[in-house]
>>> print(open('start-v8.pdb').read())   # PDB, C-alpha atoms and all ligand atoms
MODEL        1
ATOM      1  CA  MET A   1      57.458   6.550 -12.305
ATOM      2  CA  THR A   2      55.274   3.469 -12.024
ATOM      3  CA  THR A   3      55.679   1.228  -9.000
ATOM      4  CA  THR A   4      57.075  -1.560 -11.158
ATOM      5  CA  SER A   5      60.124   0.327 -12.425
ATOM      6  CA  PRO A   6      63.264   0.557 -10.331
ATOM      7  CA  PHE A   7      64.406   3.811  -8.761
ATOM      8  CA  VAL A   8      67.611   4.817 -10.527
ATOM      9  CA  LEU A   9      70.075   6.835  -8.468
ATOM     10  CA  THR A  10      73.242   8.237  -9.986
ATOM     11  CA  ILE A  11      76.054   9.198  -7.636
ATOM     12  CA  SER A  12      78.109  11.843  -9.385
ATOM     13  CA  ASN A  13      80.543  14.694  -9.079
ATOM     14  CA  ARG A  14      82.860  16.069 -11.781
ATOM     15  CA  LYS A  15      85.743  15.851  -9.337
ATOM     16  CA  GLY A  16      87.576  12.659  -8.375
ATOM     17  CA  GLY A  17      88.148  11.548  -4.802
ATOM     18  CA  THR A  18      84.883  12.958  -3.447
ATOM     19  CA  GLY A  19      83.473   9.709  -2.056
ATOM     20  CA  LYS A  20      81.359   8.689  -5.055
ATOM     21  CA  THR A  21      82.406   5.050  -4.978
ATOM     22  CA  THR A  22      82.360   4.804  -1.169
ATOM     23  CA  THR A  23      78.839   6.254  -1.173
ATOM     24  CA  SER A  24      77.666   4.038  -4.059
ATOM     25  CA  VAL A  25      78.911   0.830  -2.440
ATOM     26  CA  ASN A  26      77.623   1.629   1.032
ATOM     27  CA  ILE A  27      74.239   3.063   0.050
ATOM     28  CA  ALA A  28      73.686   0.070  -2.231
ATOM     29  CA  ALA A  29      74.581  -2.277   0.649
ATOM     30  CA  GLU A  30      72.423  -0.368   3.119
ATOM     31  CA  ALA A  31      69.384  -0.560   0.833
ATOM     32  CA  ALA A  32      70.021  -4.263   0.179
ATOM     33  CA  GLN A  33      70.245  -4.920   3.882
ATOM     34  CA  ARG A  34      66.797  -3.351   4.297
ATOM     35  CA  GLY A  35      65.434  -5.849   1.783
ATOM     36  CA  LEU A  36      65.514  -3.920  -1.487
ATOM     37  CA  ARG A  37      66.781  -5.777  -4.526
ATOM     38  CA  VAL A  38      69.710  -3.629  -5.594
ATOM     39  CA  LEU A  39      71.913  -3.449  -8.675
ATOM     40  CA  LEU A  40      75.114  -1.412  -8.524
ATOM     41  CA  VAL A  41      76.443  -0.460 -11.949
ATOM     42  CA  ASP A  42      80.111   0.540 -12.003
ATOM     43  CA  LEU A  43      80.523   3.016 -14.847
ATOM     44  CA  ASP A  44      84.020   4.165 -13.876
ATOM     45  CA  THR A  45      86.713   2.317 -15.822
ATOM     46  CA  GLN A  46      88.859   2.498 -12.696
ATOM     47  CA  GLY A  47      86.525  -0.203 -11.418
ATOM     48  CA  HIS A  48      86.628   0.829  -7.794
ATOM     49  CA  SER A  49      83.122  -0.449  -7.100
ATOM     50  CA  ASN A  50      84.277  -3.862  -8.307
ATOM     51  CA  LEU A  51      87.032  -3.634  -5.705
ATOM     52  CA  GLY A  52      84.592  -2.445  -3.046
ATOM     53  CA  PHE A  53      82.959  -5.865  -3.315
ATOM     54  CA  GLY A  54      86.113  -7.820  -3.967
ATOM     55  CA  VAL A  55      84.831  -8.685  -7.450
ATOM     56  CA  SER A  56      87.420  -9.226 -10.162
ATOM     57  CA  VAL A  57      86.677  -9.360 -13.860
ATOM     58  CA  ASN A  58      88.025 -12.138 -16.049
ATOM     59  CA  LYS A  59      89.198 -11.650 -19.589
ATOM     60  CA  GLY A  60      86.287 -11.881 -21.987
ATOM     61  CA  GLN A  61      83.683 -11.420 -19.244
ATOM     62  CA  ILE A  62      80.831  -9.072 -20.179
ATOM     63  CA  THR A  63      80.960  -5.796 -18.232
ATOM     64  CA  ALA A  64      78.840  -2.686 -17.760
ATOM     65  CA  HIS A  65      81.073  -0.965 -20.300
ATOM     66  CA  ASP A  66      80.146  -3.389 -23.072
ATOM     67  CA  VAL A  67      76.730  -1.709 -23.076
ATOM     68  CA  PHE A  68      78.391   1.407 -24.482
ATOM     69  CA  ARG A  69      80.328  -0.115 -27.343
ATOM     70  CA  ASN A  70      79.177   1.121 -30.688
ATOM     71  CA  ALA A  71      76.442  -1.028 -32.228
ATOM     72  CA  SER A  72      76.374  -3.435 -29.307
ATOM     73  CA  PRO A  73      73.079  -5.352 -29.040
ATOM     74  CA  LEU A  74      70.568  -4.669 -26.260
ATOM     75  CA  GLY A  75      70.656  -7.078 -23.319
ATOM     76  CA  LEU A  76      74.331  -6.781 -22.377
ATOM     77  CA  LEU A  77      73.647  -5.137 -19.008
ATOM     78  CA  GLU A  78      71.747  -8.196 -17.876
ATOM     79  CA  LYS A  79      74.593 -10.412 -19.073
ATOM     80  CA  ALA A  80      77.118  -8.318 -17.127
ATOM     81  CA  ILE A  81      75.408  -8.791 -13.757
ATOM     82  CA  VAL A  82      77.213 -10.893 -11.140
ATOM     83  CA  PRO A  83      76.181 -11.658  -7.548
ATOM     84  CA  THR A  84      78.095 -10.185  -4.610
ATOM     85  CA  THR A  85      78.730 -11.749  -1.217
ATOM     86  CA  PHE A  86      76.021  -9.424   0.098
ATOM     87  CA  ASN A  87      72.373 -10.552   0.107
ATOM     88  CA  ASN A  88      70.014  -8.779  -2.351
ATOM     89  CA  LEU A  89      72.908  -7.000  -4.018
ATOM     90  CA  TRP A  90      74.214  -7.540  -7.539
ATOM     91  CA  LEU A  91      76.966  -5.786  -9.447
ATOM     92  CA  ALA A  92      77.512  -4.927 -13.101
ATOM     93  CA  PRO A  93      81.300  -4.551 -12.968
ATOM     94  CA  ALA A  94      83.446  -2.065 -14.841
ATOM     95  CA  ASP A  95      85.921  -2.844 -17.595
ATOM     96  CA  HIS A  96      89.377  -1.402 -16.938
ATOM     97  CA  SER A  97      90.332  -1.712 -20.575
ATOM     98  CA  PHE A  98      87.413   0.329 -21.943
ATOM     99  CA  ASP A  99      88.985   3.371 -23.607
ATOM    100  CA  GLY A 100      85.848   4.876 -25.122
ATOM    101  CA  LEU A 101      87.301   4.905 -28.639
ATOM    102  CA  ASP A 102      84.479   2.823 -30.044
ATOM    103  CA  ALA A 103      81.859   4.213 -27.661
ATOM    104  CA  THR A 104      78.332   4.926 -28.801
ATOM    105  CA  GLN A 105      77.200   8.560 -28.916
ATOM    106  CA  GLU A 106      73.654   7.622 -27.889
ATOM    107  CA  LEU A 107      72.528   9.286 -24.669
ATOM    108  CA  ASN A 108      69.791   6.772 -23.970
ATOM    109  CA  ARG A 109      71.679   3.516 -24.241
ATOM    110  CA  LEU A 110      71.785   2.851 -20.501
ATOM    111  CA  ARG A 111      68.182   3.897 -20.021
ATOM    112  CA  GLN A 112      67.104   1.429 -22.714
ATOM    113  CA  GLU A 113      69.032  -1.347 -20.974
ATOM    114  CA  ILE A 114      67.482  -0.539 -17.597
ATOM    115  CA  MET A 115      64.015  -0.569 -19.130
ATOM    116  CA  GLN A 116      64.466  -4.120 -20.413
ATOM    117  CA  PRO A 117      61.888  -6.214 -18.519
ATOM    118  CA  GLU A 118      64.599  -8.608 -17.259
ATOM    119  CA  ILE A 119      66.225  -5.691 -15.426
ATOM    120  CA  ALA A 120      63.197  -3.530 -14.603
ATOM    121  CA  SER A 121      61.307  -6.347 -12.899
ATOM    122  CA  ARG A 122      64.313  -7.778 -11.087
ATOM    123  CA  PHE A 123      65.483  -4.728  -9.119
ATOM    124  CA  ASP A 124      63.976  -2.085  -6.842
ATOM    125  CA  LEU A 125      66.971   0.227  -6.822
ATOM    126  CA  ILE A 126      69.747   0.749  -9.356
ATOM    127  CA  VAL A 127      72.780   2.709  -8.155
ATOM    128  CA  LEU A 128      75.113   4.164 -10.788
ATOM    129  CA  ASP A 129      78.700   4.851  -9.711
ATOM    130  CA  THR A 130      80.023   7.309 -12.271
ATOM    131  CA  PRO A 131      83.359   8.573 -13.603
ATOM    132  CA  PRO A 132      84.237  12.226 -12.961
ATOM    133  CA  SER A 133      85.069  12.902 -16.607
ATOM    134  CA  LEU A 134      82.470  14.464 -18.854
ATOM    135  CA  ASP A 135      81.970  11.556 -21.160
ATOM    136  CA  ILE A 136      79.128   9.664 -22.722
ATOM    137  CA  LEU A 137      78.937   7.357 -19.688
ATOM    138  CA  LEU A 138      78.270  10.148 -17.209
ATOM    139  CA  MET A 139      75.680  11.614 -19.585
ATOM    140  CA  ASN A 140      74.037   8.197 -19.986
ATOM    141  CA  ALA A 141      73.862   7.883 -16.193
ATOM    142  CA  MET A 142      72.128  11.269 -15.915
ATOM    143  CA  ALA A 143      69.801  10.387 -18.785
ATOM    144  CA  ALA A 144      68.803   7.104 -17.106
ATOM    145  CA  ALA A 145      68.368   8.357 -13.536
ATOM    146  CA  ASN A 146      65.441   9.478 -11.419
ATOM    147  CA  ALA A 147      67.753  11.400  -9.128
ATOM    148  CA  VAL A 148      71.337  12.587  -8.723
ATOM    149  CA  LEU A 149      73.101  12.436  -5.386
ATOM    150  CA  VAL A 150      76.301  14.509  -5.176
ATOM    151  CA  PRO A 151      78.929  13.599  -2.578
ATOM    152  CA  VAL A 152      81.055  16.670  -1.898
ATOM    153  CA  LEU A 153      84.259  17.324  -0.072
ATOM    154  CA  PRO A 154      83.298  20.350   1.967
ATOM    155  CA  HIS A 155      86.401  22.190   0.882
ATOM    156  CA  ILE A 156      86.659  25.428  -1.025
ATOM    157  CA  LEU A 157      88.519  23.749  -3.910
ATOM    158  CA  SER A 158      85.660  21.353  -4.544
ATOM    159  CA  SER A 159      83.196  23.950  -5.798
ATOM    160  CA  GLU A 160      84.259  23.743  -9.447
ATOM    161  CA  GLY A 161      83.458  20.017  -9.698
ATOM    162  CA  VAL A 162      80.028  20.670  -8.218
ATOM    163  CA  LYS A 163      79.343  23.608 -10.559
ATOM    164  CA  GLN A 164      80.285  21.539 -13.602
ATOM    165  CA  LEU A 165      78.069  18.692 -12.444
ATOM    166  CA  ILE A 166      75.109  20.995 -11.837
ATOM    167  CA  ARG A 167      75.505  22.503 -15.314
ATOM    168  CA  LEU A 168      75.332  19.009 -16.772
ATOM    169  CA  PHE A 169      72.367  18.178 -14.537
ATOM    170  CA  PHE A 170      70.377  21.142 -15.932
ATOM    171  CA  ARG A 171      71.356  20.301 -19.481
ATOM    172  CA  ILE A 172      70.111  16.727 -19.168
ATOM    173  CA  ALA A 173      67.030  17.647 -17.092
ATOM    174  CA  THR A 174      65.930  20.175 -19.710
ATOM    175  CA  SER A 175      66.530  17.889 -22.684
ATOM    176  CA  VAL A 176      66.589  14.086 -22.656
ATOM    177  CA  ASN A 177      65.379  13.422 -19.092
ATOM    178  CA  SER A 178      62.778  15.820 -17.739
ATOM    179  CA  ASP A 179      62.112  13.422 -14.810
ATOM    180  CA  LEU A 180      65.610  13.928 -13.429
ATOM    181  CA  LYS A 181      65.712  15.472  -9.941
ATOM    182  CA  LEU A 182      68.554  16.780  -7.817
ATOM    183  CA  MET A 183      68.382  14.674  -4.670
ATOM    184  CA  GLY A 184      71.028  16.706  -2.925
ATOM    185  CA  PHE A 185      74.528  16.943  -1.536
ATOM    186  CA  VAL A 186      76.246  14.646   0.928
ATOM    187  CA  PRO A 187      79.299  16.160   2.581
ATOM    188  CA  VAL A 188      81.900  13.408   3.014
ATOM    189  CA  MET A 189      85.023  13.215   5.142
ATOM    190  CA  LEU A 190      83.231  15.674   7.341
ATOM    191  CA  ASN A 191      84.616  17.380  10.324
ATOM    192  CA  LEU A 192      81.900  19.630  11.682
ATOM    193  CA  ARG A 193      84.312  21.469  13.906
ATOM    194  CA  THR A 194      85.982  22.996  10.905
ATOM    195  CA  LEU A 195      84.452  26.351  10.117
ATOM    196  CA  LEU A 196      85.388  26.134   6.453
ATOM    197  CA  HIS A 197      83.275  22.993   6.096
ATOM    198  CA  ARG A 198      80.293  24.884   7.401
ATOM    199  CA  ASP A 199      80.883  27.794   5.015
ATOM    200  CA  VAL A 200      80.985  25.521   1.987
ATOM    201  CA  MET A 201      77.823  23.645   3.012
ATOM    202  CA  ASP A 202      76.012  26.885   3.907
ATOM    203  CA  SER A 203      76.725  28.268   0.497
ATOM    204  CA  LEU A 204      75.364  25.087  -1.175
ATOM    205  CA  ALA A 205      72.269  25.341   1.057
ATOM    206  CA  LYS A 206      71.731  28.953  -0.036
ATOM    207  CA  GLN A 207      71.979  28.029  -3.701
ATOM    208  CA  TYR A 208      70.066  24.756  -3.824
ATOM    209  CA  GLY A 209      67.937  24.712  -0.671
ATOM    210  CA  LYS A 210      68.525  23.550   2.883
ATOM    211  CA  GLU A 211      66.435  20.443   2.289
ATOM    212  CA  ARG A 212      69.018  19.269  -0.250
ATOM    213  CA  ILE A 213      71.864  19.101   2.250
ATOM    214  CA  PHE A 214      72.218  15.752   3.977
ATOM    215  CA  ARG A 215      73.922  15.460   7.347
ATOM    216  CA  GLY A 216      76.899  13.747   5.786
ATOM    217  CA  ILE A 217      79.601  11.173   6.391
ATOM    218  CA  ARG A 218      82.313  11.821   8.939
ATOM    219  CA  THR A 219      85.941  11.004   8.278
ATOM    220  CA  ASP A 220      86.358   7.381   9.268
ATOM    221  CA  ILE A 221      89.352   5.237   8.436
ATOM    222  CA  SER A 222      87.191   2.084   8.638
ATOM    223  CA  LEU A 223      85.519   3.174   5.394
ATOM    224  CA  ALA A 224      88.878   3.016   3.623
ATOM    225  CA  GLU A 225      89.784  -0.235   5.397
ATOM    226  CA  ALA A 226      86.457  -1.876   4.470
ATOM    227  CA  PHE A 227      87.126  -0.929   0.883
ATOM    228  CA  GLY A 228      90.546  -2.565   1.017
ATOM    229  CA  LYS A 229      88.896  -5.752   2.266
ATOM    230  CA  GLY A 230      86.301  -5.687  -0.521
ATOM    231  CA  GLN A 231      83.422  -5.314   1.927
ATOM    232  CA  PRO A 232      80.710  -2.749   2.513
ATOM    233  CA  ILE A 233      81.112  -1.004   5.864
ATOM    234  CA  GLN A 234      77.967  -2.677   7.235
ATOM    235  CA  LEU A 235      79.748  -6.000   6.933
ATOM    236  CA  TYR A 236      83.263  -4.902   7.857
ATOM    237  CA  ASP A 237      82.351  -2.904  10.949
ATOM    238  CA  PRO A 238      78.634  -2.275  11.539
ATOM    239  CA  HIS A 239      79.350  -0.224  14.675
ATOM    240  CA  SER A 240      81.773   2.202  13.048
ATOM    241  CA  ARG A 241      80.972   5.878  12.525
ATOM    242  CA  GLY A 242      80.978   5.276   8.779
ATOM    243  CA  ALA A 243      78.351   2.526   9.070
ATOM    244  CA  GLN A 244      76.202   4.729  11.331
ATOM    245  CA  ASP A 245      76.461   7.661   8.940
ATOM    246  CA  TYR A 246      75.527   5.665   5.842
ATOM    247  CA  ARG A 247      72.590   4.146   7.753
ATOM    248  CA  TYR A 248      71.462   7.647   8.695
ATOM    249  CA  LEU A 249      71.903   8.881   5.114
ATOM    250  CA  TRP A 250      69.623   6.107   3.838
ATOM    251  CA  GLU A 251      67.024   7.128   6.422
ATOM    252  CA  GLU A 252      67.246  10.763   5.357
ATOM    253  CA  MET A 253      66.791   9.630   1.762
ATOM    254  CA  LEU A 254      63.696   7.624   2.724
ATOM    255  CA  ASP A 255      62.242  10.630   4.546
ATOM    256  CA  ALA A 256      62.770  12.918   1.583
ATOM    257  CA  TRP A 257      61.813  10.499  -1.208
ATOM    258  CA  SER A 258      58.398   8.860  -1.111
ATOM    259  CA  ALA A 259      59.310   6.672  -4.106
ATOM    260  CA  LEU A 260      62.113   5.068  -2.072
ATOM    261  CA  ARG A 261      59.870   4.750   0.994
ATOM    262  CA  GLN A 262      57.247   2.934  -1.066
ATOM    263  CA  LEU A 263      59.827   0.532  -2.491
ATOM    264  CA  GLN A 264      61.104  -0.279   0.981
ATOM    265  CA  SER A 265      57.656  -0.718   2.489
ATOM    266  CA  LYS A 266      56.902  -3.380  -0.139
ATOM    267  CA  ARG A 267      59.922  -5.416   0.970
TER     268      ARG A 267
HETATM  269  N1  LIG B   1      84.218   9.299   5.067
HETATM  270  C1  LIG B   1      85.448   8.885   4.726
HETATM  271  N2  LIG B   1      86.419   8.795   5.657
HETATM  272  C2  LIG B   1      87.670   8.399   5.318
HETATM  273  N3  LIG B   1      88.043   8.067   4.068
HETATM  274  C3  LIG B   1      87.125   8.123   3.095
HETATM  275  C4  LIG B   1      85.779   8.538   3.359
HETATM  276  N4  LIG B   1      85.090   8.516   2.179
HETATM  277  C5  LIG B   1      85.959   8.110   1.238
HETATM  278  N5  LIG B   1      87.189   7.882   1.763
HETATM  279  C6  LIG B   1      88.407   7.477   1.037
HETATM  280  O1  LIG B   1      88.735   8.527   0.124
HETATM  281  C7  LIG B   1      89.208   8.017  -1.108
HETATM  282  C8  LIG B   1      88.325   8.521  -2.251
HETATM  283  O2  LIG B   1      87.012   8.030  -2.108
HETATM  284  P1  LIG B   1      86.188   7.407  -3.330
HETATM  285  O3  LIG B   1      84.886   6.958  -2.792
HETATM  286  O4  LIG B   1      87.018   6.402  -4.061
HETATM  287  O5  LIG B   1      85.999   8.716  -4.220
HETATM  288  P2  LIG B   1      85.585   8.855  -5.774
HETATM  289  O6  LIG B   1      84.831   7.622  -6.170
HETATM  290  O7  LIG B   1      84.737  10.088  -5.808
HETATM  291  O8  LIG B   1      86.857   9.037  -6.552
HETATM  292  C9  LIG B   1      89.186   6.510  -0.959
HETATM  293  O9  LIG B   1      90.483   6.087  -0.601
HETATM  294  C10 LIG B   1      88.200   6.254   0.175
HETATM  295  O10 LIG B   1      88.505   5.060   0.879
HETATM  296 MG    MG B   2      85.114   6.291  -7.788
ENDMDL
END
>>> encode(input="start-v8.pdb", output="structure tokens", more="lines below")
Ligand SMILES: Nc1ncnc2c1ncn2[C@@H]1O[C@H](COP(=O)(O)OP(=O)(O)O)[C@@H](O)[C@H]1O
Ligand SMILES: [Mg+2]
Amino acid sequence: MTTTSPFVLTISNRKGGTGKTTTSVNIAAEAAQRGLRVLLVDLDTQGHSNLGFGVSVNKGQITAHDVFRNASPLGLLEKAIVPTTFNNLWLAPADHSFDGLDATQELNRLRQEIMQPEIASRFDLIVLDTPPSLDILLMNAMAAANAVLVPVLPHILSSEGVKQLIRLFFRIATSVNSDLKLMGFVPVMLNLRTLLHRDVMDSLAKQYGKERIFRGIRTDISLAEAFGKGQPIQLYDPHSRGAQDYRYLWEEMLDAWSALRQLQSKR
């Protein structure tokens, strides 16, 4: 990666309700607060990242999903970008009505959009909030990313979603995107006193390496409340456990990823 291209982080898990959107919104806000120029792309048609910033989409407005319509011209991602109330942070909102029927089959559509000079020179970090379903959008996110961050519910039933995601990760990393790295796993809604949580995280550490397990995000109702108010946690309640944990996660990411550290030191 050259220093002029943005770091692209996809936040993915093949299971719903694992904190993907909460992590996307709050990591994007945390990085923006530290001075990085951040774009959050909402690839889930449920549009929860839109909601996380209180952004609504008008009829006819260009969205992140327009990028994926068959035979759509290049340049639509840039046209989809809207500002948020948060400094340094922009959003390419999702389209609730996108049904994928006329979706492109190209794996590199998103990557091509991100490489457009108007995007590549404007942002330091691009965060991709992804749908859990195995569709062309999730594959495009993996094909466009430098790294995948996997929020996991440290519960025994969550292992299948992780396994499916890791299978996809290897498929993409050994074909269209050999630069793709597994950043690691973030346990969310964490209660360290629960033994089962520890078992699940220990088994991930054994399989993928201890260094890939982040400390995680504790259960904190303010994260859900902030979401309801359309605000990142840093704005809604900067002293909450959730805000502290996302701040700490960003610091762990900086420690582990020199590319992110370099981007931040320039700002
Ligand atoms: N650490 C947390 N503590 C409490 N609630 C959380 C936490 N993380 C996420 N939630 C809530 O759990 C639900 C699912 O999270 P979400 O980020 O939308 O998951 P996904 O995008 O993977 O479907 C949301 O209602 C969210 O507010
Ligand atoms: Mg989501």
>>> resolve_selection(input="start-v8.pdb", expression="the PyMOL selection byres (((not hetatm)) within 10 of (chain B and resi 1))", output="compact mmCIF listing (two decimals) with C-alpha atoms, in the coordinates of the input")
# COMPACT_ATOMS: atom_id res chain seq x y z
CA ILE A 11 76.05 9.20 -7.64
CA SER A 12 78.11 11.84 -9.38
CA ASN A 13 80.54 14.69 -9.08
CA ARG A 14 82.86 16.07 -11.78
CA LYS A 15 85.74 15.85 -9.34
CA GLY A 16 87.58 12.66 -8.38
CA GLY A 17 88.15 11.55 -4.80
CA THR A 18 84.88 12.96 -3.45
CA GLY A 19 83.47 9.71 -2.06
CA LYS A 20 81.36 8.69 -5.06
CA THR A 21 82.41 5.05 -4.98
CA THR A 22 82.36 4.80 -1.17
CA THR A 23 78.84 6.25 -1.17
CA SER A 24 77.67 4.04 -4.06
CA VAL A 25 78.91 0.83 -2.44
CA ASN A 26 77.62 1.63 1.03
CA ASP A 44 84.02 4.16 -13.88
CA GLN A 46 88.86 2.50 -12.70
CA GLY A 47 86.52 -0.20 -11.42
CA HIS A 48 86.63 0.83 -7.79
CA SER A 49 83.12 -0.45 -7.10
CA GLY A 52 84.59 -2.44 -3.05
CA ASP A 129 78.70 4.85 -9.71
CA THR A 130 80.02 7.31 -12.27
CA PRO A 131 83.36 8.57 -13.60
CA PRO A 132 84.24 12.23 -12.96
CA VAL A 150 76.30 14.51 -5.18
CA PRO A 151 78.93 13.60 -2.58
CA VAL A 152 81.06 16.67 -1.90
CA LEU A 153 84.26 17.32 -0.07
CA PRO A 187 79.30 16.16 2.58
CA VAL A 188 81.90 13.41 3.01
CA MET A 189 85.02 13.22 5.14
CA LEU A 190 83.23 15.67 7.34
CA ASN A 191 84.62 17.38 10.32
CA GLY A 216 76.90 13.75 5.79
CA ILE A 217 79.60 11.17 6.39
CA ARG A 218 82.31 11.82 8.94
CA THR A 219 85.94 11.00 8.28
CA ASP A 220 86.36 7.38 9.27
CA ILE A 221 89.35 5.24 8.44
CA SER A 222 87.19 2.08 8.64
CA LEU A 223 85.52 3.17 5.39
CA ALA A 224 88.88 3.02 3.62
CA GLU A 225 89.78 -0.24 5.40
CA ALA A 226 86.46 -1.88 4.47
CA PHE A 227 87.13 -0.93 0.88
CA GLY A 228 90.55 -2.56 1.02
CA ARG A 241 80.97 5.88 12.52
CA GLY A 242 80.98 5.28 8.78
CA ALA A 243 78.35 2.53 9.07
CA ASP A 245 76.46 7.66 8.94
CA TYR A 246 75.53 5.66 5.84
>>> axis_aligned_box(input="start-v8.pdb", around="stretch 221-224 of chain A", padding_each_side="3 Å", output="lines of an AutoDock Vina configuration file")
center_x = 87.4
center_y = 3.7
center_z = 6.1
size_x = 9.8
size_y = 9.2
size_z = 11.0
>>> closest_residue(input="start-v8.pdb", among="A:Ala94, A:Val176, A:Val148, A:Glu30", to="A:Tyr248", atoms="only C-alpha atoms")
A:Glu30
>>> resolve_selection(input="start-v8.pdb", expression="the PyMOL selection byres (((chain A and resi 54-61) around 9) and not hetatm)", output="PDB file with C-alpha atoms, in the coordinates of the input")
ATOM      1  CA  SER A  49      83.122  -0.449  -7.100  1.00  0.00           C
ATOM      2  CA  ASN A  50      84.277  -3.862  -8.307  1.00  0.00           C
ATOM      3  CA  LEU A  51      87.032  -3.634  -5.705  1.00  0.00           C
ATOM      4  CA  GLY A  52      84.592  -2.445  -3.046  1.00  0.00           C
ATOM      5  CA  PHE A  53      82.959  -5.865  -3.315  1.00  0.00           C
ATOM      6  CA  ILE A  62      80.831  -9.072 -20.179  1.00  0.00           C
ATOM      7  CA  THR A  63      80.960  -5.796 -18.232  1.00  0.00           C
ATOM      8  CA  ALA A  80      77.118  -8.318 -17.127  1.00  0.00           C
ATOM      9  CA  VAL A  82      77.213 -10.893 -11.140  1.00  0.00           C
ATOM     10  CA  THR A  84      78.095 -10.185  -4.610  1.00  0.00           C
ATOM     11  CA  THR A  85      78.730 -11.749  -1.217  1.00  0.00           C
ATOM     12  CA  LEU A  91      76.966  -5.786  -9.447  1.00  0.00           C
ATOM     13  CA  PRO A  93      81.300  -4.551 -12.968  1.00  0.00           C
ATOM     14  CA  ALA A  94      83.446  -2.065 -14.841  1.00  0.00           C
ATOM     15  CA  ASP A  95      85.921  -2.844 -17.595  1.00  0.00           C
ATOM     16  CA  HIS A  96      89.377  -1.402 -16.938  1.00  0.00           C
ATOM     17  CA  PHE A 227      87.126  -0.929   0.883  1.00  0.00           C
ATOM     18  CA  GLY A 228      90.546  -2.565   1.017  1.00  0.00           C
ATOM     19  CA  LYS A 229      88.896  -5.752   2.266  1.00  0.00           C
ATOM     20  CA  GLY A 230      86.301  -5.687  -0.521  1.00  0.00           C
ATOM     21  CA  GLN A 231      83.422  -5.314   1.927  1.00  0.00           C
TER      22      GLN A 231
END
>>> atom_distance(input="start-v8.pdb", atom1="atom CA of A:Ser158", atom2="atom CA of A:Leu138")
18.5 Å
>>> closest_residue(input="start-v8.pdb", among="A:Phe68, A:Phe86, A:Trp250, A:Trp257", to="A:Gln105", atoms="all atoms listed in the file")
A:Phe68
>>> residues_around(input="start-v8.pdb", residues="A:Asn70", least_positions_apart="3", cutoff="8 Å", atoms="all atoms listed in the file", output="list in words")
Asp102, Ala103, Thr104 and Gln105 of chain A
>>> closest_residue(input="start-v8.pdb", among="A:Ala120, A:Leu128, A:Leu263, A:Asn108", to="A:Ala64", atoms="all atoms listed in the file")
A:Leu128
>>> closest_residue(input="start-v8.pdb", among="A:Ser178, A:Gln207, A:Gln262, A:Gln33", to="A:Ala147", atoms="all atoms listed in the file")
A:Ser178
>>> resolve_selection(input="start-v8.pdb", expression="the PyMOL selection byres (((chain A and resi 170) around 12) and not hetatm)", output="list of chain:residue names")
A:Met139, A:Met142, A:Ala143, A:Val148, A:Lys163, A:Gln164, A:Leu165, A:Ile166, A:Arg167, A:Leu168, A:Phe169, A:Arg171, A:Ile172, A:Ala173, A:Thr174, A:Ser175, A:Val176, A:Asn177, A:Ser178, A:Asp179, A:Leu180, A:Lys181, A:Leu182
>>> atom_distance(input="start-v8.pdb", atom1="atom CA of A:Asn140", atom2="atom CA of A:Arg111")
7.3 Å
>>> atom_distance(input="start-v8.pdb", atom1="atom CA of A:Ala141", atom2="atom CA of A:Glu251")
23.6 Å
>>> residues_around(input="start-v8.pdb", residues="A:Pro73", least_positions_apart="4", cutoff="12 Å", atoms="all atoms listed in the file", output="list of chain:residue names")
A:Asp66, A:Val67, A:Phe68, A:Arg69, A:Leu77, A:Glu78, A:Lys79, A:Thr104, A:Arg109, A:Leu110, A:Gln112, A:Glu113
>>> closest_residue(input="start-v8.pdb", among="A:Leu89, A:Leu101, A:Leu249, A:Val200", to="A:Val127", atoms="all atoms listed in the file")
A:Leu89
>>> closest_residue(input="start-v8.pdb", among="A:Thr194, A:Ser5, A:Gln116, A:Ser203", to="A:Ser159", atoms="all atoms listed in the file")
A:Ser203
